[in-house]
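**Student:** File name work_28.cif; file contents mmCIF, C-alpha atoms and all ligand atoms; chains and numbers go by the auth columns; full text below.
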```cif
data_entry
loop_
_atom_site.group_PDB
_atom_site.id
_atom_site.type_symbol
_atom_site.label_atom_id
_atom_site.label_comp_id
_atom_site.label_asym_id
_atom_site.label_seq_id
_atom_site.Cartn_x
_atom_site.Cartn_y
_atom_site.Cartn_z
_atom_site.B_iso_or_equiv
_atom_site.auth_seq_id
_atom_site.auth_asym_id
ATOM 1 C CA MET A 1 15.777 14.834 13.590 0.00 1 A
ATOM 2 C CA ARG A 2 14.218 12.326 15.922 0.00 2 A
ATOM 3 C CA SER A 3 11.399 13.497 18.178 0.00 3 A
ATOM 4 C CA ARG A 4 11.302 12.487 21.830 0.00 4 A
ATOM 5 C CA GLU A 5 8.610 9.935 21.117 0.00 5 A
ATOM 6 C CA GLY A 6 10.595 8.339 18.282 0.00 6 A
ATOM 7 C CA PHE A 7 9.663 7.118 14.842 0.00 7 A
ATOM 8 C CA ALA A 8 6.638 5.241 13.554 0.00 8 A
ATOM 9 C CA PHE A 9 6.691 3.557 10.150 0.00 9 A
ATOM 10 C CA ALA A 10 3.776 3.290 7.715 0.00 10 A
ATOM 11 C CA SER A 11 4.157 1.365 4.485 0.00 11 A
ATOM 12 C CA ASP A 12 2.119 0.832 1.383 0.00 12 A
ATOM 13 C CA PHE A 13 1.697 -2.847 0.390 0.00 13 A
ATOM 14 C CA ASP A 14 1.356 -3.376 -3.379 0.00 14 A
ATOM 15 C CA GLY A 15 4.596 -2.685 -5.248 0.00 15 A
ATOM 16 C CA THR A 16 6.264 -1.620 -1.998 0.00 16 A
ATOM 17 C CA ILE A 17 6.245 -4.708 0.231 0.00 17 A
ATOM 18 C CA THR A 18 5.451 -6.908 -2.755 0.00 18 A
ATOM 19 C CA GLU A 19 7.723 -6.745 -5.762 0.00 19 A
ATOM 20 C CA LYS A 20 4.803 -6.143 -8.126 0.00 20 A
ATOM 21 C CA ASP A 21 1.361 -4.621 -7.679 0.00 21 A
ATOM 22 C CA VAL A 22 -0.818 -7.626 -6.805 0.00 22 A
ATOM 23 C CA ALA A 23 -4.107 -5.806 -7.465 0.00 23 A
ATOM 24 C CA ALA A 24 -2.906 -4.853 -10.952 0.00 24 A
ATOM 25 C CA MET A 25 -1.715 -8.439 -11.574 0.00 25 A
ATOM 26 C CA LEU A 26 -5.169 -9.776 -10.712 0.00 26 A
ATOM 27 C CA LEU A 27 -6.921 -7.220 -12.908 0.00 27 A
ATOM 28 C CA HIS A 28 -4.631 -8.026 -15.859 0.00 28 A
ATOM 29 C CA GLU A 29 -5.315 -11.732 -15.482 0.00 29 A
ATOM 30 C CA PHE A 30 -8.962 -11.930 -14.396 0.00 30 A
ATOM 31 C CA ALA A 31 -10.811 -8.715 -15.239 0.00 31 A
ATOM 32 C CA ASP A 32 -12.864 -7.885 -18.276 0.00 32 A
ATOM 33 C CA GLU A 33 -10.622 -5.555 -20.296 0.00 33 A
ATOM 34 C CA LYS A 34 -13.032 -2.682 -19.663 0.00 34 A
ATOM 35 C CA TRP A 35 -10.943 -2.189 -16.492 0.00 35 A
ATOM 36 C CA LEU A 36 -8.283 -0.528 -18.657 0.00 36 A
ATOM 37 C CA ASP A 37 -10.778 2.226 -19.610 0.00 37 A
ATOM 38 C CA VAL A 38 -11.525 2.760 -15.934 0.00 38 A
ATOM 39 C CA GLU A 39 -7.788 2.955 -15.248 0.00 39 A
ATOM 40 C CA GLU A 40 -7.397 5.483 -18.051 0.00 40 A
ATOM 41 C CA ASP A 41 -10.110 7.670 -16.482 0.00 41 A
ATOM 42 C CA PHE A 42 -8.279 7.418 -13.159 0.00 42 A
ATOM 43 C CA ARG A 43 -4.957 8.402 -14.768 0.00 43 A
ATOM 44 C CA ASN A 44 -6.698 11.406 -16.351 0.00 44 A
ATOM 45 C CA ARG A 45 -8.107 12.331 -12.932 0.00 45 A
ATOM 46 C CA LYS A 46 -11.698 11.807 -14.027 0.00 46 A
ATOM 47 C CA LEU A 47 -12.273 9.237 -11.279 0.00 47 A
ATOM 48 C CA SER A 48 -11.220 9.099 -7.634 0.00 48 A
ATOM 49 C CA CYS A 49 -9.114 6.233 -6.315 0.00 49 A
ATOM 50 C CA ARG A 50 -12.128 4.901 -4.411 0.00 50 A
ATOM 51 C CA GLU A 51 -14.457 4.928 -7.404 0.00 51 A
ATOM 52 C CA THR A 52 -11.743 3.404 -9.630 0.00 52 A
ATOM 53 C CA LEU A 53 -11.169 0.542 -7.235 0.00 53 A
ATOM 54 C CA LYS A 54 -14.876 -0.147 -6.916 0.00 54 A
ATOM 55 C CA ARG A 55 -15.462 -0.161 -10.686 0.00 55 A
ATOM 56 C CA GLU A 56 -12.330 -2.130 -11.555 0.00 56 A
ATOM 57 C CA PHE A 57 -12.832 -4.911 -9.059 0.00 57 A
ATOM 58 C CA GLU A 58 -16.466 -5.321 -10.023 0.00 58 A
ATOM 59 C CA LEU A 59 -15.074 -6.386 -13.415 0.00 59 A
ATOM 60 C CA LEU A 60 -12.982 -9.144 -11.849 0.00 60 A
ATOM 61 C CA GLN A 61 -14.101 -12.698 -12.613 0.00 61 A
ATOM 62 C CA GLY A 62 -13.062 -15.615 -10.492 0.00 62 A
ATOM 63 C CA GLY A 63 -13.585 -17.034 -7.049 0.00 63 A
ATOM 64 C CA ARG A 64 -11.451 -16.452 -4.004 0.00 64 A
ATOM 65 C CA GLN A 65 -9.623 -19.772 -4.318 0.00 65 A
ATOM 66 C CA GLN A 66 -8.714 -19.205 -7.968 0.00 66 A
ATOM 67 C CA LEU A 67 -7.385 -15.721 -7.228 0.00 67 A
ATOM 68 C CA ILE A 68 -5.382 -16.916 -4.225 0.00 68 A
ATOM 69 C CA GLU A 69 -3.787 -19.683 -6.293 0.00 69 A
ATOM 70 C CA TYR A 70 -2.714 -17.105 -8.858 0.00 70 A
ATOM 71 C CA VAL A 71 -1.314 -14.849 -6.138 0.00 71 A
ATOM 72 C CA ASP A 72 0.629 -17.802 -4.749 0.00 72 A
ATOM 73 C CA ARG A 73 2.216 -18.472 -8.099 0.00 73 A
ATOM 74 C CA HIS A 74 3.007 -14.891 -9.077 0.00 74 A
ATOM 75 C CA ALA A 75 3.280 -12.535 -6.090 0.00 75 A
ATOM 76 C CA ARG A 76 6.466 -12.159 -4.103 0.00 76 A
ATOM 77 C CA ILE A 77 7.036 -10.389 -0.811 0.00 77 A
ATOM 78 C CA ASP A 78 10.327 -8.488 -0.658 0.00 78 A
ATOM 79 C CA PRO A 79 12.680 -10.882 1.200 0.00 79 A
ATOM 80 C CA ASN A 80 14.093 -7.850 3.043 0.00 80 A
ATOM 81 C CA PHE A 81 10.743 -7.052 4.620 0.00 81 A
ATOM 82 C CA LYS A 82 11.029 -9.512 7.519 0.00 82 A
ATOM 83 C CA PRO A 83 14.574 -8.351 8.427 0.00 83 A
ATOM 84 C CA PHE A 84 13.211 -4.787 8.250 0.00 84 A
ATOM 85 C CA LEU A 85 10.463 -5.693 10.750 0.00 85 A
ATOM 86 C CA SER A 86 13.077 -7.234 13.065 0.00 86 A
ATOM 87 C CA LEU A 87 15.105 -4.020 12.919 0.00 87 A
ATOM 88 C CA CYS A 88 12.004 -1.969 13.791 0.00 88 A
ATOM 89 C CA GLU A 89 11.165 -4.308 16.649 0.00 89 A
ATOM 90 C CA ARG A 90 14.684 -3.971 18.079 0.00 90 A
ATOM 91 C CA ARG A 91 14.404 -0.191 17.804 0.00 91 A
ATOM 92 C CA GLY A 92 10.875 -0.039 19.266 0.00 92 A
ATOM 93 C CA ILE A 93 9.488 1.457 16.053 0.00 93 A
ATOM 94 C CA PRO A 94 5.839 0.554 15.431 0.00 94 A
ATOM 95 C CA VAL A 95 5.011 -0.465 11.847 0.00 95 A
ATOM 96 C CA ARG A 96 1.687 -0.702 10.043 0.00 96 A
ATOM 97 C CA ILE A 97 0.602 -1.365 6.497 0.00 97 A
ATOM 98 C CA VAL A 98 -1.730 1.182 4.904 0.00 98 A
ATOM 99 C CA SER A 99 -3.073 -0.108 1.630 0.00 99 A
ATOM 100 C CA GLU A 100 -5.397 0.775 -1.212 0.00 100 A
ATOM 101 C CA GLY A 101 -5.412 -2.921 -2.175 0.00 101 A
ATOM 102 C CA LEU A 102 -7.650 -5.711 -0.883 0.00 102 A
ATOM 103 C CA ASP A 103 -7.695 -7.665 2.356 0.00 103 A
ATOM 104 C CA PHE A 104 -7.900 -11.217 0.986 0.00 104 A
ATOM 105 C CA TYR A 105 -4.518 -11.351 -0.745 0.00 105 A
ATOM 106 C CA ILE A 106 -2.697 -9.197 1.815 0.00 106 A
ATOM 107 C CA GLU A 107 -3.874 -11.422 4.642 0.00 107 A
ATOM 108 C CA HIS A 108 -2.947 -14.512 2.630 0.00 108 A
ATOM 109 C CA LEU A 109 0.558 -13.340 1.693 0.00 109 A
ATOM 110 C CA LEU A 110 1.409 -12.134 5.195 0.00 110 A
ATOM 111 C CA GLY A 111 0.104 -15.370 6.724 0.00 111 A
ATOM 112 C CA LYS A 112 2.059 -17.462 4.238 0.00 112 A
ATOM 113 C CA HIS A 113 5.291 -15.746 5.297 0.00 113 A
ATOM 114 C CA GLY A 114 4.460 -15.819 9.009 0.00 114 A
ATOM 115 C CA ILE A 115 4.399 -12.020 9.196 0.00 115 A
ATOM 116 C CA GLU A 116 2.340 -10.547 12.017 0.00 116 A
ATOM 117 C CA ILE A 117 1.651 -6.875 11.483 0.00 117 A
ATOM 118 C CA ASP A 118 -1.304 -4.480 11.618 0.00 118 A
ATOM 119 C CA PHE A 119 -2.700 -3.789 8.181 0.00 119 A
ATOM 120 C CA PHE A 120 -5.449 -1.437 7.057 0.00 120 A
ATOM 121 C CA THR A 121 -6.990 -1.905 3.648 0.00 121 A
ATOM 122 C CA ASN A 122 -10.184 -2.307 1.639 0.00 122 A
ATOM 123 C CA ARG A 123 -12.389 -5.357 2.021 0.00 123 A
ATOM 124 C CA ALA A 124 -13.392 -7.776 -0.733 0.00 124 A
ATOM 125 C CA HIS A 125 -16.712 -9.583 -0.424 0.00 125 A
ATOM 126 C CA PHE A 126 -17.004 -12.573 -2.738 0.00 126 A
ATOM 127 C CA GLU A 127 -20.660 -12.609 -3.727 0.00 127 A
ATOM 128 C CA ASN A 128 -22.628 -14.208 -6.582 0.00 128 A
ATOM 129 C CA GLY A 129 -19.482 -15.067 -8.548 0.00 129 A
ATOM 130 C CA GLY A 130 -18.179 -11.508 -8.354 0.00 130 A
ATOM 131 C CA ILE A 131 -16.493 -9.155 -5.920 0.00 131 A
ATOM 132 C CA ARG A 132 -18.019 -6.275 -4.033 0.00 132 A
ATOM 133 C CA ILE A 133 -15.614 -3.880 -2.316 0.00 133 A
ATOM 134 C CA SER A 134 -16.261 -2.076 0.964 0.00 134 A
ATOM 135 C CA PHE A 135 -14.141 0.600 2.575 0.00 135 A
ATOM 136 C CA PRO A 136 -13.791 0.144 6.343 0.00 136 A
ATOM 137 C CA ASN A 137 -10.891 2.635 6.517 0.00 137 A
ATOM 138 C CA SER A 138 -12.336 5.440 4.419 0.00 138 A
ATOM 139 C CA SER A 139 -12.474 9.053 5.516 0.00 139 A
ATOM 140 C CA GLU A 140 -15.749 10.804 6.287 0.00 140 A
ATOM 141 C CA GLU A 141 -14.317 14.109 5.132 0.00 141 A
ATOM 142 C CA CYS A 142 -12.725 13.154 1.808 0.00 142 A
ATOM 143 C CA ASP A 143 -13.914 10.634 -0.765 0.00 143 A
ATOM 144 C CA ASP A 144 -10.739 10.411 -2.869 0.00 144 A
ATOM 145 C CA CYS A 145 -9.442 7.102 -1.551 0.00 145 A
ATOM 146 C CA GLY A 146 -10.882 3.793 -0.382 0.00 146 A
ATOM 147 C CA THR A 147 -8.448 3.604 2.516 0.00 147 A
ATOM 148 C CA CYS A 148 -7.603 7.028 3.927 0.00 148 A
ATOM 149 C CA LYS A 149 -3.887 6.521 4.529 0.00 149 A
ATOM 150 C CA LEU A 150 -3.543 10.021 5.967 0.00 150 A
ATOM 151 C CA GLN A 151 -6.125 9.306 8.661 0.00 151 A
ATOM 152 C CA LEU A 152 -4.168 6.195 9.636 0.00 152 A
ATOM 153 C CA LEU A 153 -1.167 8.330 10.641 0.00 153 A
ATOM 154 C CA LYS A 154 -3.225 10.533 12.952 0.00 154 A
ATOM 155 C CA ASP A 155 -2.827 8.609 16.229 0.00 155 A
ATOM 156 C CA TRP A 156 0.955 8.463 15.788 0.00 156 A
ATOM 157 C CA LYS A 157 1.099 12.180 15.062 0.00 157 A
ATOM 158 C CA GLU A 158 -0.937 12.877 18.194 0.00 158 A
ATOM 159 C CA GLU A 159 1.580 10.807 20.164 0.00 159 A
ATOM 160 C CA GLY A 160 4.295 13.150 18.854 0.00 160 A
ATOM 161 C CA ARG A 161 6.054 10.534 16.751 0.00 161 A
ATOM 162 C CA ASP A 162 7.999 11.265 13.580 0.00 162 A
ATOM 163 C CA ILE A 163 6.294 9.483 10.708 0.00 163 A
ATOM 164 C CA VAL A 164 8.377 7.519 8.220 0.00 164 A
ATOM 165 C CA TYR A 165 6.486 6.553 5.082 0.00 165 A
ATOM 166 C CA ALA A 166 7.335 4.139 2.249 0.00 166 A
ATOM 167 C CA GLY A 167 5.351 3.870 -0.959 0.00 167 A
ATOM 168 C CA ASP A 168 5.280 3.733 -4.728 0.00 168 A
ATOM 169 C CA GLY A 169 1.910 4.977 -5.934 0.00 169 A
ATOM 170 C CA VAL A 170 -0.517 7.824 -6.435 0.00 170 A
ATOM 171 C CA SER A 171 -2.473 6.870 -3.305 0.00 171 A
ATOM 172 C CA ASP A 172 0.751 7.380 -1.299 0.00 172 A
ATOM 173 C CA ILE A 173 1.164 11.038 -2.237 0.00 173 A
ATOM 174 C CA CYS A 174 -1.262 12.427 0.340 0.00 174 A
ATOM 175 C CA PRO A 175 0.112 10.555 3.405 0.00 175 A
ATOM 176 C CA ALA A 176 3.737 10.905 2.252 0.00 176 A
ATOM 177 C CA GLU A 177 3.389 14.680 1.978 0.00 177 A
ATOM 178 C CA SER A 178 2.446 14.764 5.656 0.00 178 A
ATOM 179 C CA ALA A 179 5.249 12.399 6.771 0.00 179 A
ATOM 180 C CA ASP A 180 8.619 13.431 8.226 0.00 180 A
ATOM 181 C CA VAL A 181 10.762 11.009 6.238 0.00 181 A
ATOM 182 C CA VAL A 182 9.686 9.562 2.873 0.00 182 A
ATOM 183 C CA PHE A 183 11.030 6.531 1.035 0.00 183 A
ATOM 184 C CA ALA A 184 9.770 6.771 -2.528 0.00 184 A
ATOM 185 C CA LYS A 185 9.760 4.803 -5.756 0.00 185 A
ATOM 186 C CA GLY A 186 7.482 4.636 -8.812 0.00 186 A
ATOM 187 C CA ASP A 187 4.775 7.286 -9.177 0.00 187 A
ATOM 188 C CA LEU A 188 5.412 8.576 -5.665 0.00 188 A
ATOM 189 C CA LEU A 189 9.073 9.173 -6.539 0.00 189 A
ATOM 190 C CA SER A 190 8.094 10.995 -9.753 0.00 190 A
ATOM 191 C CA HIS A 191 5.748 13.246 -7.782 0.00 191 A
ATOM 192 C CA PHE A 192 8.309 14.036 -5.060 0.00 192 A
ATOM 193 C CA ARG A 193 10.956 14.778 -7.686 0.00 193 A
ATOM 194 C CA LYS A 194 8.606 17.000 -9.697 0.00 194 A
ATOM 195 C CA GLU A 195 7.525 18.952 -6.612 0.00 195 A
ATOM 196 C CA ARG A 196 11.111 19.058 -5.297 0.00 196 A
ATOM 197 C CA LEU A 197 10.100 17.559 -1.962 0.00 197 A
ATOM 198 C CA ASP A 198 12.584 15.849 0.365 0.00 198 A
ATOM 199 C CA HIS A 199 12.645 12.098 -0.070 0.00 199 A
ATOM 200 C CA ILE A 200 14.905 9.067 -0.171 0.00 200 A
ATOM 201 C CA GLU A 201 14.719 6.950 -3.309 0.00 201 A
ATOM 202 C CA PHE A 202 14.549 3.213 -2.647 0.00 202 A
ATOM 203 C CA LYS A 203 14.287 0.005 -4.639 0.00 203 A
ATOM 204 C CA ASP A 204 13.472 -2.412 -1.828 0.00 204 A
ATOM 205 C CA PHE A 205 13.487 -2.793 1.956 0.00 205 A
ATOM 206 C CA GLY A 206 17.204 -3.606 1.809 0.00 206 A
ATOM 207 C CA ASP A 207 17.761 0.077 0.922 0.00 207 A
ATOM 208 C CA ILE A 208 15.461 1.134 3.768 0.00 208 A
ATOM 209 C CA ILE A 209 17.378 -1.048 6.255 0.00 209 A
ATOM 210 C CA SER A 210 20.710 0.445 5.093 0.00 210 A
ATOM 211 C CA GLU A 211 19.366 3.956 5.578 0.00 211 A
ATOM 212 C CA MET A 212 17.724 3.274 8.966 0.00 212 A
ATOM 213 C CA GLU A 213 20.866 1.627 10.342 0.00 213 A
ATOM 214 C CA ARG A 214 22.488 5.065 10.094 0.00 214 A
ATOM 215 C CA TRP A 215 19.797 6.727 12.232 0.00 215 A
HETATM 216 MG MG MG B . 1.650 0.590 -4.124 0.00 1 B
#
```
Starting from the file, give its structure as structure tokens.
Ligand SMILES: [Mg+2]
**Tutor:**
Amino acid sequence: MRSREGFAFASDFDGTITEKDVAAMLLHEFADEKWLDVEEDFRNRKLSCRETLKREFELLQGGRQQLIEYVDRHARIDPNFKPFLSLCERRGIPVRIVSEGLDFYIEHLLGKHGIEIDFFTNRAHFENGGIRISFPNSSEECDDCGTCKLQLLKDWKEEGRDIVYAGDGVSDICPAESADVVFAKGDLLSHFRKERLDHIEFKDFGDIISEMERW
């Protein structure tokens, strides 16, 4: 199944590389509870991912330092992720993170674990005691998501690589449907099961390593 140019691996961050969704953790702890109404509208498809993110994070109270301290106490990176990166390095497989989360905690968690990897996500600007979100990786053609994960696979596709994708959420459906191999859990798994699309169920990067060692 491997193309001449080989594989390239794109992974979601929250709930995929981390054990829990860090953005959701922060909203539960620090946001005005109106965020749950916004989330409900998103679940009922009344709001796009991008609009949801913008509205939810505007309800977040707390400075950068306070949020980072909380992340440090409660967020955990999958311990299998670093061994996974080593495997990809040995195999010459490029890896990038494509995320609908926020830059400040992703950068912090990766730095804390000494993980050097390209990541593409939304940007948080701490201003006047609140957070404003900007979308440096959005698409000009589609306003569904903050970060257009599909667009971030384009260069690899043009190189003729086979795309491997790992994710757990609604924002992973679009890029995963265009990937060649999909590792799925959570909402992404439910969608792939419902639509009867090829996928590999996974719990953590240990499962991904076991599968990739057979390739
Ligand atoms: Mg996720």
**Student:** Would you mind reading off the distance between atom CA of A:Gly129 and atom CA of A:Gly63, one decimal, in Å?
**Tutor:**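 Separation of atom CA of A:Gly129 and atom CA of A:Gly63: 6.4 Å.
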**Student:** Using the chain letters and numbers from this file, what does the PyMOL selection byres (((not hetatm)) within 7 of (chain B and resi 1)) select? Give the answer as a PyMOL selection string.
**Tutor:** chain A and resi 12-16+21+167-169
**Student:** Go through the shown structure with the PyMOL selection byres (((chain A and resi 92) around 12) and not hetatm) and write out the matching residues as number ranges by chain.
**Tutor:** A: 5-9, 85-91, 93-95, 161
**Student:** Rank nothing, just name the residue among A:Ser178, A:Asn44, A:Gln65, A:Thr18 nearest to A:Gly101, using all atoms listed in the file.
**Tutor:** A:Thr18
**Student:** For a test of reading the model, state the distance in Å between atom CA of A:Ile173 and atom CA of A:Ser138, rounded to one decimal.
**Tutor:**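 Rounded to one decimal, the two atoms are 16.1 Å apart.
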**Student:** Just say which residues the PyMOL selection byres (((chain A and resi 147) around 10) and not hetatm) picks in this file, as a PyMOL selection string.
**Tutor:** chain A and resi 49-50+98-102+120-123+134-139+143-146+148-152+171
**Student:** For atom CA of A:His125 and atom CA of A:Arg43, determine how far apart the two atoms are, in Å to one decimal place.
**Tutor:** 25.8 Å
**Student:** If we draw a sphere of 12 Å around (-0.7, -19.2, 3.1), which residues have at least one atom in it when counting all atoms listed in the file? Please report them as an NGL selection string.
**Tutor:** :A and (65 or 68-69 or 71-73 or 104-115)
**Student:** Using only C-alpha atoms, which residue out of A:Phe183, A:Trp215, A:Leu188, A:Asp103 lies closest to A:Ile200?
**Tutor:**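 Once distances to A:Ile200 are computed over only C-alpha atoms, the minimum belongs to A:Phe183.
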**Student:** Counting all atoms listed in the file, I want the residues whose atoms come within 12 Å of (-4.1, -10.0, -16.1) in the file frame, returned as a list in words.
**Tutor:**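 Every residue inside that radius is included here: Asp21, Val22, Ala23, Ala24, Met25, Leu26, Leu27, His28, Glu29, Phe30, Ala31, Asp32, Glu33, Trp35, Leu36, Leu59, Leu60, Gln61, Gly62, Leu67, Tyr70, Val71 and His74 of chain A.
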**Student:** Taking all atoms of stretch 134-145 of chain A that appear in the file, build a box with edges along x, y and z, extend it by 3 Å on every side, and state its centre and edge lengths in Å to one decimal, as AutoDock Vina command-line options.
**Tutor:**
```
--center_x -12.9 --center_y 6.0 --center_z 1.8 --size_x 12.8 --size_y 22.2 --size_z 15.4
```
**Student:** For A:Tyr165, which of A:Ser11, A:Ala124, A:Val38, A:Ile17 is the closest residue, counting all atoms listed in the file?
**Tutor:**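 Of all the options, A:Ser11 lies closest to A:Tyr165.
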**Student:** What would stretch 19-47 of chain A look like with N, CA and C atoms restored, written as an mmCIF file, in the coordinates of the input?
**Tutor:**
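Ended up saving to out-v3.cif:
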```cif
data_model
loop_
_atom_site.group_PDB
_atom_site.id
_atom_site.type_symbol
_atom_site.label_atom_id
_atom_site.label_comp_id
_atom_site.auth_asym_id
_atom_site.auth_seq_id
_atom_site.Cartn_x
_atom_site.Cartn_y
_atom_site.Cartn_z
ATOM 1 N N GLU A 19 6.873 -7.218 -4.669
ATOM 2 C CA GLU A 19 7.723 -6.745 -5.762
ATOM 3 C C GLU A 19 6.902 -6.148 -6.896
ATOM 4 N N LYS A 20 5.695 -6.730 -7.116
ATOM 5 C CA LYS A 20 4.803 -6.143 -8.126
ATOM 6 C C LYS A 20 3.466 -5.816 -7.484
ATOM 7 N N ASP A 21 2.675 -5.002 -8.176
ATOM 8 C CA ASP A 21 1.361 -4.621 -7.679
ATOM 9 C C ASP A 21 0.407 -5.809 -7.858
ATOM 10 N N VAL A 22 0.000 -6.409 -6.740
ATOM 11 C CA VAL A 22 -0.818 -7.626 -6.805
ATOM 12 C C VAL A 22 -2.210 -7.311 -7.363
ATOM 13 N N ALA A 23 -2.780 -6.189 -6.958
ATOM 14 C CA ALA A 23 -4.107 -5.806 -7.465
ATOM 15 C C ALA A 23 -4.063 -5.684 -8.990
ATOM 16 N N ALA A 24 -3.031 -5.032 -9.505
ATOM 17 C CA ALA A 24 -2.906 -4.853 -10.952
ATOM 18 C C ALA A 24 -2.713 -6.204 -11.653
ATOM 19 N N MET A 25 -1.923 -7.096 -11.019
ATOM 20 C CA MET A 25 -1.715 -8.439 -11.574
ATOM 21 C C MET A 25 -3.041 -9.177 -11.733
ATOM 22 N N LEU A 26 -3.881 -9.077 -10.690
ATOM 23 C CA LEU A 26 -5.169 -9.776 -10.712
ATOM 24 C C LEU A 26 -6.092 -9.180 -11.772
ATOM 25 N N LEU A 27 -6.074 -7.866 -11.898
ATOM 26 C CA LEU A 27 -6.921 -7.220 -12.908
ATOM 27 C C LEU A 27 -6.472 -7.628 -14.316
ATOM 28 N N HIS A 28 -5.152 -7.622 -14.552
ATOM 29 C CA HIS A 28 -4.631 -8.026 -15.859
ATOM 30 C C HIS A 28 -5.060 -9.441 -16.212
ATOM 31 N N GLU A 29 -5.058 -10.311 -15.216
ATOM 32 C CA GLU A 29 -5.315 -11.732 -15.482
ATOM 33 C C GLU A 29 -6.804 -12.076 -15.503
ATOM 34 N N PHE A 30 -7.589 -11.448 -14.608
ATOM 35 C CA PHE A 30 -8.962 -11.930 -14.396
ATOM 36 C C PHE A 30 -10.066 -10.936 -14.738
ATOM 37 N N ALA A 31 -9.727 -9.689 -15.026
ATOM 38 C CA ALA A 31 -10.811 -8.715 -15.239
ATOM 39 C C ALA A 31 -11.167 -8.578 -16.712
ATOM 40 N N ASP A 32 -12.424 -8.291 -16.946
ATOM 41 C CA ASP A 32 -12.864 -7.885 -18.276
ATOM 42 C C ASP A 32 -12.009 -6.677 -18.672
ATOM 43 N N GLU A 33 -11.598 -6.602 -19.945
ATOM 44 C CA GLU A 33 -10.622 -5.555 -20.296
ATOM 45 C C GLU A 33 -11.175 -4.127 -20.215
ATOM 46 N N LYS A 34 -12.468 -4.017 -19.924
ATOM 47 C CA LYS A 34 -13.032 -2.682 -19.663
ATOM 48 C C LYS A 34 -12.320 -2.003 -18.488
ATOM 49 N N TRP A 35 -11.625 -2.793 -17.651
ATOM 50 C CA TRP A 35 -10.943 -2.189 -16.492
ATOM 51 C C TRP A 35 -9.869 -1.194 -16.946
ATOM 52 N N LEU A 36 -9.333 -1.425 -18.156
ATOM 53 C CA LEU A 36 -8.283 -0.528 -18.657
ATOM 54 C C LEU A 36 -8.849 0.872 -18.964
ATOM 55 N N ASP A 37 -10.134 0.926 -19.390
ATOM 56 C CA ASP A 37 -10.778 2.226 -19.610
ATOM 57 C C ASP A 37 -10.972 2.959 -18.279
ATOM 58 N N VAL A 38 -11.344 2.172 -17.264
ATOM 59 C CA VAL A 38 -11.525 2.760 -15.934
ATOM 60 C C VAL A 38 -10.184 3.331 -15.452
ATOM 61 N N GLU A 39 -9.136 2.542 -15.665
ATOM 62 C CA GLU A 39 -7.788 2.955 -15.248
ATOM 63 C C GLU A 39 -7.370 4.238 -15.977
ATOM 64 N N GLU A 40 -7.710 4.297 -17.246
ATOM 65 C CA GLU A 40 -7.397 5.483 -18.051
ATOM 66 C C GLU A 40 -8.094 6.732 -17.474
ATOM 67 N N ASP A 41 -9.368 6.560 -17.092
ATOM 68 C CA ASP A 41 -10.110 7.670 -16.482
ATOM 69 C C ASP A 41 -9.463 8.093 -15.158
ATOM 70 N N PHE A 42 -8.962 7.101 -14.421
ATOM 71 C CA PHE A 42 -8.279 7.418 -13.159
ATOM 72 C C PHE A 42 -6.994 8.207 -13.427
ATOM 73 N N ARG A 43 -6.217 7.726 -14.414
ATOM 74 C CA ARG A 43 -4.957 8.402 -14.768
ATOM 75 C C ARG A 43 -5.209 9.838 -15.220
ATOM 76 N N ASN A 44 -6.355 10.055 -15.893
ATOM 77 C CA ASN A 44 -6.698 11.406 -16.351
ATOM 78 C C ASN A 44 -7.466 12.204 -15.299
ATOM 79 N N ARG A 45 -7.471 11.667 -14.070
ATOM 80 C CA ARG A 45 -8.107 12.331 -12.932
ATOM 81 C C ARG A 45 -9.602 12.563 -13.101
ATOM 82 N N LYS A 46 -10.241 11.695 -13.893
ATOM 83 C CA LYS A 46 -11.698 11.807 -14.027
ATOM 84 C C LYS A 46 -12.403 11.017 -12.930
ATOM 85 N N LEU A 47 -11.685 10.072 -12.340
ATOM 86 C CA LEU A 47 -12.273 9.237 -11.279
ATOM 87 C C LEU A 47 -11.382 9.268 -10.046
#
```
